[in-house]
Every structure is written in C-alpha cells, then in structure tokens.
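Student: Input file: start-v1.txt. Contents: compact mmCIF, C-alpha atoms.
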```
# COMPACT_ATOMS: atom_id res chain seq x y z
CA LEU A 1 0.00 0.00 0.00
CA GLY A 2 2.97 2.32 0.37
CA VAL A 3 2.90 5.44 2.49
CA LEU A 4 -0.68 6.57 2.95
CA SER A 5 -1.85 10.09 3.68
CA VAL A 6 -3.86 11.03 6.76
CA GLY A 7 -7.50 9.99 6.42
CA GLU A 8 -9.54 6.92 5.54
CA HIS A 9 -8.43 4.57 2.79
CA TYR A 10 -10.30 1.61 1.33
CA PHE A 11 -8.89 -1.41 -0.46
CA SER A 12 -9.81 -4.92 -1.56
CA ILE A 13 -7.76 -8.08 -1.95
CA GLU A 14 -8.42 -10.92 -4.39
CA ILE A 15 -6.08 -13.81 -5.18
CA THR A 16 -6.00 -15.71 -8.48
CA ASP A 17 -4.19 -19.06 -8.50
CA LYS A 18 -2.21 -20.54 -11.40
CA ARG A 19 -5.33 -22.26 -12.74
CA GLY A 20 -7.23 -18.99 -12.88
CA TYR A 21 -9.48 -19.65 -9.90
CA ARG A 22 -10.23 -16.53 -7.89
CA SER A 23 -10.57 -16.28 -4.14
CA GLN A 24 -13.27 -14.49 -2.27
CA ARG A 25 -12.69 -10.73 -2.47
CA LEU A 26 -11.96 -9.18 0.92
CA PHE A 27 -12.67 -5.53 1.60
CA ASN A 28 -11.07 -3.46 4.33
CA ASP A 29 -10.41 0.12 5.29
CA ILE A 30 -7.64 1.87 7.15
CA TRP A 31 -7.82 5.10 9.10
CA ILE A 32 -4.49 6.94 9.16
CA VAL A 33 -3.97 9.55 11.89
CA ASP A 34 -0.97 11.63 12.87
CA ASP A 35 0.28 12.93 16.21
CA SER A 36 -2.21 15.81 16.12
CA TYR A 37 -4.98 13.28 16.76
CA ASN A 38 -3.50 11.95 20.01
CA ILE A 39 -5.56 12.39 23.17
CA THR A 40 -4.11 15.26 25.20
CA SER A 41 -4.01 15.72 28.96
CA GLU A 42 -6.67 18.43 28.57
CA GLN A 43 -8.94 15.86 26.91
CA THR A 44 -8.39 13.29 29.68
CA TYR A 45 -10.43 13.25 32.88
CA GLN A 46 -9.21 11.44 35.99
CA MET A 47 -12.34 10.42 37.87
CA THR A 48 -12.36 10.46 41.66
CA VAL A 49 -14.44 8.51 44.14
CA ASN A 50 -16.25 11.75 44.97
CA ASP A 51 -17.03 12.30 41.27
CA LEU A 52 -18.60 8.87 41.03
CA GLU A 53 -20.57 9.23 44.25
CA HIS A 54 -21.82 12.66 43.16
CA ASN A 55 -23.10 11.02 39.96
CA GLY A 56 -24.89 8.21 41.79
CA ILE A 57 -22.26 5.48 41.35
CA THR A 58 -21.29 3.40 44.38
CA LEU A 59 -17.96 1.57 44.39
CA GLY A 60 -17.13 -1.59 46.31
CA LEU A 61 -20.59 -3.12 46.54
CA ASP A 62 -20.67 -6.82 47.48
CA GLU A 63 -23.24 -9.58 47.15
CA ASN A 64 -25.47 -7.74 49.65
CA ALA A 65 -25.91 -4.74 47.33
CA THR A 66 -29.47 -3.61 46.67
CA THR A 67 -31.10 -3.71 43.26
CA GLN A 68 -31.39 0.07 43.36
CA GLN A 69 -27.65 0.53 43.94
CA MET A 70 -26.66 -1.80 41.10
CA TYR A 71 -29.25 -0.33 38.75
CA ASN A 72 -27.92 3.14 39.56
CA ASN A 73 -24.37 2.02 38.86
CA ARG A 74 -24.96 0.97 35.27
CA VAL A 75 -27.47 3.66 34.33
CA ASN A 76 -25.57 6.49 36.01
CA MET A 77 -22.20 5.32 34.69
CA THR A 78 -23.61 5.49 31.17
CA ASN A 79 -24.96 8.98 31.81
CA TYR A 80 -21.72 10.13 33.45
CA LEU A 81 -19.55 8.94 30.56
CA GLU A 82 -21.81 10.71 28.10
CA SER A 83 -21.59 13.87 30.22
CA LEU A 84 -17.78 13.76 30.06
CA HIS A 85 -18.00 13.27 26.31
CA GLN A 86 -20.34 16.23 25.95
CA GLN A 87 -17.85 18.34 27.92
CA GLY A 88 -15.19 17.62 25.30
CA TYR A 89 -13.27 14.85 27.05
CA ARG A 90 -12.02 11.98 24.91
CA LYS A 91 -10.83 9.76 27.74
CA GLY A 92 -12.00 8.97 31.26
CA ILE A 93 -9.90 7.10 33.83
CA LEU A 94 -11.57 5.32 36.74
CA PRO A 95 -10.05 5.35 40.24
CA ALA A 96 -7.53 2.51 40.35
CA ASN A 97 -8.61 -0.96 41.51
CA SER A 98 -12.28 -0.04 41.90
CA VAL A 99 -15.17 -2.50 41.74
CA ILE A 100 -18.40 -1.44 40.04
CA ARG A 101 -21.14 -4.01 40.67
CA VAL A 102 -24.12 -3.98 38.32
CA ASN A 103 -27.27 -6.05 38.03
CA ALA A 104 -28.63 -7.55 34.83
CA ASP A 105 -29.43 -4.86 32.28
CA PHE A 106 -33.02 -5.94 31.80
CA LEU A 107 -33.93 -5.20 35.43
CA ASP A 108 -35.23 -1.88 36.69
CA ALA A 109 -34.58 -0.51 40.17
CA ASN A 110 -37.32 -2.74 41.56
CA GLY A 111 -35.93 -5.90 39.99
CA ASN A 112 -38.64 -6.06 37.32
CA VAL A 113 -37.94 -7.07 33.72
CA THR A 114 -38.15 -4.11 31.35
CA ASN A 115 -36.84 -3.03 27.95
CA THR A 116 -36.20 0.56 28.98
CA VAL A 117 -33.08 0.21 31.16
CA LYS A 118 -29.50 0.09 29.88
CA HIS A 119 -26.14 -1.50 30.15
CA ILE A 120 -22.94 0.56 30.54
CA THR A 121 -22.50 2.23 27.15
CA ILE A 122 -19.25 3.73 25.86
CA PRO A 123 -19.75 7.09 24.08
CA THR A 124 -18.48 7.64 20.56
CA ASN A 125 -14.95 9.02 20.22
CA PHE A 126 -14.22 8.15 23.84
CA THR A 127 -11.85 5.84 25.72
CA LEU A 128 -12.83 4.35 29.07
CA ASP A 129 -9.70 3.35 30.99
CA LEU A 130 -10.74 0.99 33.78
CA ASN A 131 -7.34 1.55 35.43
CA ASN A 132 -7.16 -2.03 36.75
CA SER A 133 -10.76 -1.85 37.98
CA THR A 134 -13.47 -4.49 37.65
CA ILE A 135 -17.04 -4.27 36.39
CA LYS A 136 -18.80 -7.08 38.24
CA LEU A 137 -22.13 -8.69 37.31
CA HIS A 138 -24.38 -9.56 40.22
CA MET A 139 -25.80 -13.07 40.26
CA TYR A 140 -29.12 -13.73 38.59
CA ASN A 141 -31.04 -16.74 37.29
CA ASP A 142 -33.01 -16.79 34.02
CA THR A 143 -35.81 -18.76 35.60
CA ASP A 144 -36.52 -15.94 38.04
CA TYR A 145 -37.61 -13.76 35.09
CA GLY A 146 -38.67 -16.15 32.35
CA GLU A 147 -37.61 -19.31 30.57
CA LYS A 148 -34.03 -20.53 30.39
CA GLY A 149 -32.16 -18.96 27.48
CA ARG A 150 -34.85 -16.31 26.98
CA ILE A 151 -33.24 -13.58 29.09
CA THR A 152 -30.53 -11.46 27.46
CA ASN A 153 -28.03 -9.43 29.46
CA LEU A 154 -25.03 -7.31 28.46
CA MET A 155 -22.48 -5.59 30.66
CA VAL A 156 -20.90 -3.10 28.22
CA THR A 157 -21.86 -1.98 24.72
CA PHE A 158 -20.59 0.24 21.93
CA GLU A 159 -23.57 1.64 20.03
CA ASP A 160 -22.63 2.91 16.53
CA CYS A 161 -19.43 4.40 17.97
CA ILE A 162 -16.47 5.69 16.01
CA ASP A 163 -13.02 5.50 17.62
CA SER A 164 -14.21 4.25 21.03
CA HIS A 165 -12.16 2.03 23.30
CA LEU A 166 -12.37 0.01 26.52
CA ILE A 167 -8.97 -0.63 28.11
CA ASN A 168 -7.06 -1.90 31.14
CA GLY A 169 -9.37 -3.83 33.42
CA THR A 170 -11.64 -6.79 34.08
CA LEU A 171 -15.25 -7.66 33.32
CA GLU A 172 -16.44 -10.46 35.57
CA GLY A 173 -19.64 -12.45 35.29
CA ASP A 174 -21.52 -14.40 37.94
CA TYR A 175 -20.57 -18.01 37.15
CA PHE A 176 -18.95 -18.83 40.48
CA GLU A 177 -21.78 -17.29 42.49
CA THR A 178 -24.66 -18.97 40.78
CA SER A 179 -24.95 -22.36 42.44
CA VAL A 180 -22.98 -25.09 44.18
CA ASP A 181 -23.72 -27.31 41.17
CA LYS A 182 -22.47 -25.19 38.25
CA GLU A 183 -23.26 -27.78 35.60
CA ALA A 184 -26.85 -28.01 36.79
CA TYR A 185 -27.12 -24.23 36.78
CA ILE A 186 -26.13 -23.78 33.14
CA ASN A 187 -27.94 -26.89 31.95
CA GLY A 188 -30.64 -26.18 29.41
CA ALA A 189 -29.28 -22.80 28.24
CA ASN A 190 -29.72 -21.12 31.63
CA GLY A 191 -27.46 -18.06 31.43
CA GLU A 192 -26.65 -18.66 27.77
CA HIS A 193 -27.43 -15.05 26.87
CA SER A 194 -25.80 -13.49 29.90
CA SER A 195 -23.15 -11.87 27.75
CA CYS A 196 -20.36 -9.40 28.36
CA ILE A 197 -19.49 -6.96 25.54
CA ALA A 198 -21.27 -6.10 22.30
CA ILE A 199 -20.00 -3.82 19.55
CA ASN A 200 -23.08 -2.78 17.59
CA GLY A 201 -22.03 -1.05 14.39
CA GLY A 202 -19.55 1.78 14.17
CA LYS A 203 -15.90 1.81 13.08
CA TYR A 204 -12.42 1.66 14.61
CA ASN A 205 -13.56 0.51 18.04
CA THR A 206 -11.32 -1.71 20.18
CA VAL A 207 -11.10 -3.63 23.43
CA ASP A 208 -7.53 -3.75 24.70
CA ASN A 209 -5.94 -5.30 27.80
CA ILE A 210 -9.32 -6.42 29.11
CA THR A 211 -9.82 -9.68 31.02
CA ILE A 212 -13.24 -11.24 30.45
CA THR A 213 -13.96 -13.94 33.01
CA LYS A 214 -16.71 -16.06 34.58
CA ILE A 215 -19.27 -15.24 31.87
CA THR A 216 -21.98 -17.88 31.50
CA GLY A 217 -22.97 -16.67 28.02
CA TYR A 218 -21.09 -14.98 25.19
CA SER A 219 -17.93 -13.10 26.11
CA LEU A 220 -18.16 -10.70 23.18
CA TYR A 221 -19.85 -10.29 19.85
CA CYS A 222 -20.29 -7.80 17.03
CA GLU A 223 -23.51 -6.93 15.27
CA LYS A 224 -24.45 -4.73 12.35
CA GLY A 225 -25.36 -1.15 13.27
CA SER A 226 -26.48 1.92 11.37
CA VAL A 227 -23.04 3.50 10.80
CA GLY A 228 -21.01 0.79 9.09
CA ASN A 229 -18.54 -2.00 9.69
CA HIS A 230 -16.93 -2.60 13.04
CA TYR A 231 -13.55 -3.93 14.07
CA PHE A 232 -12.48 -5.94 17.07
CA GLU A 233 -8.77 -6.14 17.84
CA ASP A 234 -6.15 -6.43 20.54
CA CYS A 235 -8.45 -8.38 22.83
```
Would you mind giving the structure from this file in structure tokens?
Tutor:
Amino acid sequence: LGVLSVGEHYFSIEITDKRGYRSQRLFNDIWIVDDSYNITSEQTYQMTVNDLEHNGITLGLDENATTQQMYNNRVNMTNYLESLHQQGYRKGILPANSVIRVNADFLDANGNVTNTVKHITIPTNFTLDLNNSTIKLHMYNDTDYGEKGRITNLMVTFEDCIDSHLINGTLEGDYFETSVDKEAYINGANGEHSSCIAINGGKYNTVDNITITKITGYSLYCEKGSVGNHYFEDC
C-alpha cells in the first residue's frame, strides 16, 4: 500500500491461482492519523471517588448490594460517561482498583424485567480506561424472570461508535456465584445469553488489555449497526 496520507483509505484483496481460480474478495479500510490526533491531557479526565458518588455510582458493593444501587451504577455510569464526552473529554480514567457491581441490564430498580433500562454504554470518540478496575455482574437466574435462554443481558456496549475504546481492566460475570452445582445451573441454556461486551455497528472501536472472566454466556460479539462496519482487535 505504500505510504498513505492522513484519512480513511479503502482497499480490496483478491487472489487468483495458477489455474485462474479466484478467491473471495476481501474488503477493508484503514484510518491513518498523525500525532495531532493523540488524546491530550486536557482531553483526559481522571475520575475520583467523589465524582462517582456525586453522579450516583457506588464503588465496592458486594453480594449484599441492593437492586437500586446496582441499577444506579450501570445507568448512572452510562450517563456520566456521556456527560464527560459532551464536555469535550475523549478519555476517562476510573479510580484505580475499583469495583463497580451492576445487576442484569433488563432489570429496573425494583428488579422487574423491562426493555427501557440500559447497560454501561461507551460514548463515541471516547476511551474508558478501567485503570485495573473491575465491572462485576451480580448473580441472577433466568428462571426468576422467564424461561431458560430467553433472558438477554449485556455488561458493556458500543452503540454505533467511532473511535471508542475500553482498556485496562476486568469484566467479571456471575458463574462462580450462581450455584454449588455449576453444571446443573447452566444446563438447558440457563445463562446462555448473559453476555459481556457487544459492539453494535460503528468503526475503529477496540477492546484492549481487558480480562473477560466467569461469563456464563457470550464473552463478546459484534452486530451490524447503522453506521457501518466494526472492528475488534487487541483483545
């Protein structure tokens, strides 16, 4: 490809063998940036415990956390990240070694199943640095809210983002809290759709230096969105 100029470039690759048979044609694009695009210190916000508490986010919750607290954590974290983005920040850094416990994203503050609540969502053109912190999913059982395999949960999503990133931390599911008999718990698709990360559309989004552990469903997946193709790398 040679030396490419700053901006987006598109290319395709097709191979023809000695017999004249052609391969599938692969399409890709590359976004070239220079040093002027780097995130500056002025565009980086170091969150404090007081910041999080002021925005309705409680750190260090354990298995005795209330539904309201865990609901607040995921909804208010989403709102807080978007607020930082709207203020012009391109990166937010959590307090080091924090634990943010959340409940399933289909539950409201009263523990009822609803389609109006949300998972933690990364804004577009924004990097969330977990700073060695953990987002922890509180235990739940599909059969408490419907049939096995019919309940879908996500912990973090990218929704039609461009240049958004999740880095440096852990996302932990509820597998080792579910039951003494783990095989019996997951039998029959129970927890199959208790997933971790979804990238829905967008471009140039990454997950880097993230440990995904104890998820009973899908660790990560990508789906078509309204903006364009999406990329998953450095996981």
Student: Write out as JSON, numbers by chain each polymer residue whose atoms come within 7 Å of stretch 70-72 of chain A, counting only C-alpha atoms; drop sequence neighbours fewer than 4 positions from it.
Tutor: {"A": [56, 57, 65, 66, 76, 101, 102, 103, 108, 109]}
Student: Quick one, how far is atom CA of A:Arg25 from atom CA of A:Phe158?
Tutor: 27.9 Å
Student: Any idea what the distance is between atom CA of A:Asn209 and atom CA of A:Asn168?
Tutor: 4.9 Å
Student: Mind giving me the straight-line distance from atom CA of A:Gly217 to atom CA of A:Leu107 in Å, one decimal?
Tutor: 17.5 Å
Student: Between A:Gly60, A:Gly20, A:Gly188, A:Gly111, which is the closest to A:Thr134 once you count only C-alpha atoms?
Tutor: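 Of A:Gly60, A:Gly20, A:Gly188, A:Gly111, the one nearest A:Thr134, counting only C-alpha atoms, is A:Gly60.
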Student: Considering all atoms listed in the file, can you say which of A:Cys222, A:Val33, A:Val6, A:Met139 comes closest to A:Glu177?
Tutor: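 Counting all atoms listed in the file, the residue closest to A:Glu177 is A:Met139.
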Student: Give as an mmCIF file with C-alpha atoms, keeping the file's coordinate frame every residue, naming chains and numbers as the document does, that has an atom within 10 Å of (-19.7, 4.5, 17.9), counting only C-alpha atoms.
Tutor:
```
data_model
loop_
_atom_site.group_PDB
_atom_site.id
_atom_site.type_symbol
_atom_site.label_atom_id
_atom_site.label_comp_id
_atom_site.auth_asym_id
_atom_site.auth_seq_id
_atom_site.Cartn_x
_atom_site.Cartn_y
_atom_site.Cartn_z
ATOM 1 C CA THR A 121 -22.500 2.230 27.150
ATOM 2 C CA ILE A 122 -19.250 3.730 25.860
ATOM 3 C CA PRO A 123 -19.750 7.090 24.080
ATOM 4 C CA THR A 124 -18.480 7.640 20.560
ATOM 5 C CA ASN A 125 -14.950 9.020 20.220
ATOM 6 C CA PHE A 126 -14.220 8.150 23.840
ATOM 7 C CA THR A 157 -21.860 -1.980 24.720
ATOM 8 C CA PHE A 158 -20.590 0.240 21.930
ATOM 9 C CA GLU A 159 -23.570 1.640 20.030
ATOM 10 C CA ASP A 160 -22.630 2.910 16.530
ATOM 11 C CA CYS A 161 -19.430 4.400 17.970
ATOM 12 C CA ILE A 162 -16.470 5.690 16.010
ATOM 13 C CA ASP A 163 -13.020 5.500 17.620
ATOM 14 C CA SER A 164 -14.210 4.250 21.030
ATOM 15 C CA HIS A 165 -12.160 2.030 23.300
ATOM 16 C CA ILE A 199 -20.000 -3.820 19.550
ATOM 17 C CA ASN A 200 -23.080 -2.780 17.590
ATOM 18 C CA GLY A 201 -22.030 -1.050 14.390
ATOM 19 C CA GLY A 202 -19.550 1.780 14.170
ATOM 20 C CA LYS A 203 -15.900 1.810 13.080
ATOM 21 C CA TYR A 204 -12.420 1.660 14.610
ATOM 22 C CA ASN A 205 -13.560 0.510 18.040
ATOM 23 C CA GLY A 225 -25.360 -1.150 13.270
ATOM 24 C CA SER A 226 -26.480 1.920 11.370
ATOM 25 C CA VAL A 227 -23.040 3.500 10.800
ATOM 26 C CA GLY A 228 -21.010 0.790 9.090
ATOM 27 C CA HIS A 230 -16.930 -2.600 13.040
#
```
Student: Counting all atoms listed in the file, which residues have an atom no more than 12 Å from (-39.1, -8.1, 35.9) in the file's coordinates? Please list them as a PyMOL selection string.
Tutor: chain A and resi 67+104-117+140-146+151
Student: Excluding same-chain residues fewer than 4 positions from stretch 8-14 of chain A, what lies within 6 Å of it counting all atoms listed in the file, as a PyMOL selection string?
Tutor: chain A and resi 23+25-31
Student: With C-alpha atoms retained, export the selected residues as an mmCIF file, in the frame of the given file.
Tutor:
```cif
data_model
loop_
_atom_site.group_PDB
_atom_site.id
_atom_site.type_symbol
_atom_site.label_atom_id
_atom_site.label_comp_id
_atom_site.auth_asym_id
_atom_site.auth_seq_id
_atom_site.Cartn_x
_atom_site.Cartn_y
_atom_site.Cartn_z
ATOM 1 C CA SER A 23 -10.570 -16.280 -4.140
ATOM 2 C CA ARG A 25 -12.690 -10.730 -2.470
ATOM 3 C CA LEU A 26 -11.960 -9.180 0.920
ATOM 4 C CA PHE A 27 -12.670 -5.530 1.600
ATOM 5 C CA ASN A 28 -11.070 -3.460 4.330
ATOM 6 C CA ASP A 29 -10.410 0.120 5.290
ATOM 7 C CA ILE A 30 -7.640 1.870 7.150
ATOM 8 C CA TRP A 31 -7.820 5.100 9.100
#
```
Student: Which of these residues is nearest to A:Leu166, using only C-alpha atoms: A:Val207, A:Leu59, A:Ile93, A:Val75?
Tutor: A:Val207
Student: Do you know which residues are at most 7 Å from A:Lys91 counting all atoms listed in the file, after dropping those on the same chain fewer than 2 positions away, and could you put them as JSON, numbers by chain?
Tutor: {"A": [43, 44, 45, 89, 93, 126, 127, 128]}
Student: So which one's closest to A:Ile135, A:Met77, A:Ile120, A:Met155, A:Leu171? Using all atoms listed in the file, please.
Tutor: A:Leu171
